[in-house]
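Novice: What follows is a single structure, and I will ask about it in a moment.
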Amino acid sequence: MALIEARALTKVYRLGRVDVAALRGVDIDVARGEYVAIMGPSGSGKSTLMHILGCLDTPSGGAYRLDGEEIGGLRGRALARVRNRKVGFVFQTFNLMPRMTVEENVALPLQYRGGLRRRARLKRARALLERFGLGERIGHRPDELSGGERQRVAVARALIGEPAILLVDEPTGNLDSEAGAQVLRAFREVHAAGNTIVLVTHDPDVGAEAARTIRLADGRVAA
Amino acid sequence: MSFLEALLVGLAEARRHFAQTLLSLLGLILGTGSIVAVLALFGGQSKITQDYVAEVGGFGTVIARDRELSQRPTATELASDRLTYGDARYLKQRATTLGAVAPGFFEEMDYRVGGVSFQGPVIGTTPDYAVINDIRPLVGRYLSDLDVERQARVMVLGWKYADSLFGAAETALGGLVTLAGRNFTVVGVLEREEFYFAPWSGNELEYRNRRAYIPITTAFSQYTGDDEHLSFLTLKAAHPTGARAAQQQVTAMLLLRHGVQDFDITPSGAGANDDAQFFKLFDFIFLVVGVVSLIAGGVVIANILLASVVERVREFGTRMALGATGFQIFAQVIAQVVVIAVIGGLLGLALGWGLTGTVAYFMKMPAAVTPTIALVAIGTSLSVGFAAGIYPAFRAARLSPVEALRYA
């Protein structure tokens, strides 16, 4: 059974009086353990697709199953629960909490999940940060870190909840080439450890990292 | 996420946004502080009023007065002797609800000692008068039952008159005073009486220091030709709360003796509240100031929170992406407010306490911050914070995750 099963996904935005179709019927399957890149020019609908796959947004039509769970009918609280348990996000702009320490940032998804005490959450965050070579940085604030370090903290935060899928949006867009290479190496390790990664980018070099590429154009799968 | 955890997060947030917290706190502290001070001083003021009522006769005191003749008086009305010393003696013997009966004769007379002379009030009464009005001699004694029985030519002087006529209370004792041509021996001088609503207002009881007391029987025999009509009749109930019962019994008994209602029986102390009206206005102004500053504090908090929500739209978007529900976002913002409101309330309480102490000290007013006032203050601060936080928190919770993440 595929981890991601999307059938005939559509998304229509209302801009004033005009309806704009961002997705016009997208079918996607991603198997467990895959490393997939979604590529396409801006306006092709790849961001919209990522938001729907990440349960941040709901499709206007079609069916979407994530890890065996039907997502289409879910709203609000239920969607938040799916995001918390099954999806790990990595953003282009890192999106770390500036006033929290590195370990607090990484532990944040566990706080929203509930069940673990603060001490236990921070212990798990520290263990994960050690694995990413950031053990020296646990007490620092994000603005005391380099860009590459920040993005690796963000990857650790995305993985702490052991999600079914890692959704990555232009991970190297704000990094220089060396830091970018570092981050991409981290993804390779994460993938090698058995995690499923869906990466959205318009950079061919980054897209080449993935084993499979899905191309979007005008809201449809091109090839 | 438990409520306690939400509070801890709120505390951490309040600390991380220190400047915002400080500004919000200031509004709450000033508002709560002034409300605490107003309530404490207000409480002190009502205590003053109570003290004054107790001083001028106390609760449970009843006054009997002649009623003015009606437009067309009946024969019984015209034939009545009105309130007399006989009525007073009758009530003293028979009225079971009464603890003390003080009949009174009142007239302005000429005082003279050697070369010093002036006109002033003279009161003819009985020993009960001292009981009802809580007056005590400084030197010598008050009037006695024997004085009344024997129509003795003795007098008790108010403190100020003793001072004016003899230069000092001690030298007045045993001295002779001529009252409207008749000589009296001074057997006592009363303590100086004083009561101030505020340091800048005059002595409310000074009039009591400017008078003399003589036995009522002497007053009648010497000055009225045995017409025993009373100028006033003050009664005190046997129990402090028995004024109403006393009022009823006395009315019934006097009605039987007079055959017509040519008198009025009213509780004393009611008028004392009028004197306090001025201070009520004062309190009211303070209270308005307190409420206005609290509202201002609330508006400041709402504004700052709203700005901080707008500033952190992307942060909320990220938190939602990590799995925060709308309610958790709402709780986060509200928890921040609760923490600020509790701290603000406590500091405001401290400020109000200091303010009360200072005002009470310099104005010599009794005032105390009671546990009730403290609770009211904290409660008010909390409700203001809550009211101010609800809308921003709601706005944050209602954000769409996608739009929040896109927000620049």
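Chain labels follow the order of the structure tokens: the first chain is A, the next B, and so on; residue numbering restarts at 1 in every chain, and ligands are counted from 1 in their shown order.
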I need the contact residues of chain A against chain B, so if you could list those with any atom within 7 Å, counting only C-alpha atoms, and return them as an MDAnalysis selection string, that would help.
Specialist: chainID A and resid 56:57 77 80:81 83:84 95 97 99 109 111:112 114
Novice: In segment 99-292 of chain B, what's strand (DSSP E) per DSSP? Answer as a VMD selection string?
Specialist: chain B and resid 99 to 113 116 to 125 137 to 140 154 to 157 176 to 179 182 to 190 212 to 215 232 to 237 263 to 267
Novice: Extract, using only C-alpha atoms, all DNA, RNA and protein residues at most 9 Å from segment 101-107 of chain B, discarding same-chain residues fewer than 6 positions from it, and format them as a CSV table (one decimal) with N, CA and C atoms, in the first residue's frame.
Specialist:
```csv
chain,number,residue,atom,x,y,z
B,84,THR,N,-43.5,66.9,78.3
B,84,THR,CA,-43.1,67.5,79.6
B,84,THR,C,-42.1,66.6,80.3
B,85,TYR,N,-41.6,67.2,81.4
B,85,TYR,CA,-40.7,66.5,82.3
B,85,TYR,C,-41.4,65.3,82.9
B,87,ASP,N,-43.6,63.4,81.3
B,87,ASP,CA,-43.5,62.4,80.3
B,87,ASP,C,-42.2,61.6,80.5
B,88,ALA,N,-41.1,62.4,80.6
B,88,ALA,CA,-39.8,61.8,80.8
B,88,ALA,C,-39.7,60.9,82.0
B,89,ARG,N,-40.3,61.3,83.1
B,89,ARG,CA,-40.2,60.5,84.3
B,89,ARG,C,-41.1,59.2,84.2
B,91,LEU,N,-41.7,57.7,81.3
B,91,LEU,CA,-41.0,56.8,80.4
B,91,LEU,C,-39.9,56.1,81.1
B,92,LYS,N,-39.2,56.8,82.0
B,92,LYS,CA,-38.0,56.3,82.7
B,92,LYS,C,-38.5,55.2,83.6
B,120,GLY,N,-24.6,82.4,76.0
B,120,GLY,CA,-24.3,81.1,75.5
B,120,GLY,C,-25.4,80.2,75.9
B,121,PRO,N,-25.4,79.0,75.3
B,121,PRO,CA,-26.5,78.0,75.6
B,121,PRO,C,-26.3,77.3,77.0
B,122,VAL,N,-27.5,77.1,77.6
B,122,VAL,CA,-27.5,76.4,78.9
B,122,VAL,C,-28.5,75.2,78.7
B,123,ILE,N,-28.1,74.0,79.2
B,123,ILE,CA,-28.9,72.8,79.1
B,123,ILE,C,-29.3,72.4,80.4
B,124,GLY,N,-30.6,72.2,80.7
B,124,GLY,CA,-31.0,71.6,82.0
B,124,GLY,C,-31.4,70.2,81.7
B,125,THR,N,-30.8,69.2,82.4
B,125,THR,CA,-31.0,67.8,82.1
B,125,THR,C,-30.8,66.9,83.3
B,126,THR,N,-30.7,65.6,83.1
B,126,THR,CA,-30.6,64.6,84.1
B,126,THR,C,-29.3,63.9,83.9
B,127,PRO,N,-28.8,63.0,84.9
B,127,PRO,CA,-27.6,62.3,84.7
B,127,PRO,C,-27.6,61.4,83.4
B,128,ASP,N,-28.7,60.9,83.0
B,128,ASP,CA,-28.8,60.0,81.8
B,128,ASP,C,-28.2,60.7,80.6
B,129,TYR,N,-28.2,62.0,80.5
B,129,TYR,CA,-27.7,62.8,79.4
B,129,TYR,C,-26.3,62.4,79.1
B,130,ALA,N,-25.5,62.2,80.2
B,130,ALA,CA,-24.0,61.9,80.0
B,130,ALA,C,-23.9,60.5,79.5
B,131,VAL,N,-24.8,59.6,79.9
B,131,VAL,CA,-24.8,58.2,79.4
B,131,VAL,C,-25.1,58.1,77.9
B,132,ILE,N,-26.1,58.8,77.5
B,132,ILE,CA,-26.5,58.8,76.1
B,132,ILE,C,-25.5,59.4,75.2
B,216,ILE,N,-32.3,69.7,85.6
B,216,ILE,CA,-33.4,70.1,84.9
B,216,ILE,C,-34.5,70.7,85.8
B,219,ALA,N,-33.5,74.2,86.5
B,219,ALA,CA,-33.9,75.1,85.4
B,219,ALA,C,-35.3,75.5,85.4
B,220,PHE,N,-36.2,74.5,85.7
B,220,PHE,CA,-37.6,74.9,85.7
B,220,PHE,C,-38.0,75.8,86.9
B,228,GLU,N,-43.1,72.9,83.0
B,228,GLU,CA,-42.2,71.8,82.7
B,228,GLU,C,-42.1,71.3,81.3
B,229,HIS,N,-42.4,72.2,80.4
B,229,HIS,CA,-42.3,71.8,79.0
B,229,HIS,C,-40.9,71.6,78.6
B,230,LEU,N,-40.6,70.5,77.8
B,230,LEU,CA,-39.2,70.1,77.4
B,230,LEU,C,-38.8,70.7,76.1
B,231,SER,N,-37.6,71.1,76.0
B,231,SER,CA,-37.0,71.5,74.7
B,231,SER,C,-36.7,70.3,73.8
B,232,PHE,N,-36.2,69.3,74.5
B,232,PHE,CA,-35.9,68.0,73.7
B,232,PHE,C,-36.0,66.9,74.7
B,233,LEU,N,-36.2,65.7,74.1
B,233,LEU,CA,-36.2,64.5,74.9
B,233,LEU,C,-35.5,63.4,74.1
B,234,THR,N,-34.3,63.0,74.6
B,234,THR,CA,-33.5,62.0,74.0
B,234,THR,C,-33.6,60.7,74.7
B,235,LEU,N,-33.8,59.6,74.0
B,235,LEU,CA,-34.0,58.3,74.6
B,235,LEU,C,-33.0,57.3,74.0
B,236,LYS,N,-32.6,56.4,74.8
B,236,LYS,CA,-31.7,55.4,74.3
B,236,LYS,C,-32.3,54.0,74.6
```
Novice: Pick out each residue of segment 183-389 of chain B that DSSP on the backbone tags as helix (DSSP H, G or I); I need them as a PyMOL selection string.
Specialist: chain B and resi 206-209+216-224+243-258+272-275+277-311+313-321+326-363+371-389
Novice: So the first atom is atom CA of Gly219 of chain A and the second is atom CA of Ile4 of chain A; what is the distance between them in Å, to one decimal place?
Specialist: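 Taking atom CA of Gly219 of chain A and atom CA of Ile4 of chain A, their separation equals 18.2 Å.
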Novice: Grab the atom CA of Gln336 of chain B to atom CA of Ala350 of chain B distance for me, in Å with one decimal place.
Specialist: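 Those two atoms sit 21.4 Å apart.
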Novice: Tell me which protein, DNA and RNA residues are within 8 Å of segment 185-195 of chain A, counting only C-alpha atoms, leaving out same-chain ones fewer than 5 positions away, and put them as a PyMOL selection string.
Specialist: chain A and resi 32-35+132+152+164-166
Novice: Write to file, as a CSV table (one decimal), in the first residue's frame, the residues of the selection just made, with N, CA and C atoms.
Specialist:
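After the write, result24.csv holds the following:
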```csv
chain,number,residue,atom,x,y,z
A,32,ARG,N,6.3,3.9,0.6
A,32,ARG,CA,7.1,4.1,1.9
A,32,ARG,C,8.5,4.0,1.5
A,33,GLY,N,9.4,4.9,2.1
A,33,GLY,CA,10.8,4.9,1.9
A,33,GLY,C,11.3,5.5,0.6
A,34,GLU,N,10.4,6.1,-0.2
A,34,GLU,CA,10.8,6.8,-1.4
A,34,GLU,C,11.4,8.1,-1.1
A,35,TYR,N,12.2,8.7,-2.1
A,35,TYR,CA,12.7,10.0,-2.1
A,35,TYR,C,12.2,10.7,-3.4
A,132,PHE,N,22.7,14.8,14.6
A,132,PHE,CA,22.9,15.7,13.5
A,132,PHE,C,24.2,16.6,13.7
A,152,ARG,N,19.5,22.5,9.6
A,152,ARG,CA,19.7,21.1,10.1
A,152,ARG,C,18.9,21.0,11.5
A,164,ALA,N,5.4,10.1,9.3
A,164,ALA,CA,5.4,9.1,8.2
A,164,ALA,C,6.1,9.7,7.0
A,165,ILE,N,6.1,11.0,6.9
A,165,ILE,CA,6.6,11.6,5.7
A,165,ILE,C,7.3,13.0,6.0
A,166,LEU,N,8.4,13.2,5.3
A,166,LEU,CA,9.1,14.5,5.5
A,166,LEU,C,8.8,15.4,4.3
```
Novice: May I have the residues within 12 Å of Leu375 of chain B as a PyMOL selection string, using only C-alpha atoms and disregarding those fewer than 6 positions away in the same chain?
Specialist: chain B and resi 32+35-36+39+342+345-346+348-349+369+381-382
Novice: Could you pull the residues within 12 Å of segment 172-183 of chain B, counting only C-alpha atoms, minus those fewer than 3 positions along the same chain, as a PyMOL selection string?
Specialist: chain B and resi 107-123+137-142+152-169+186-190+211-214+218-219+221-223
Novice: Could you check how far atom CA of Thr213 of chain A sits from atom CA of Ile28 of chain A, in Å to one decimal?
Specialist: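 So the answer is 11.4 Å.
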Novice: Find the residue from B:Ala75, B:Leu83, B:Ala19, B:Leu98 that sits nearest to Gly242 of chain B; use only C-alpha atoms when measuring.
Specialist: B:Leu98
Novice: I'd like to know which of B:Val309, B:Gly43, B:Thr370, B:Thr76 is closest to Pro392 of chain B, using only C-alpha atoms.
Specialist: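 Of B:Val309, B:Gly43, B:Thr370, B:Thr76, the one nearest Pro392 of chain B is B:Val309, counting only C-alpha atoms.
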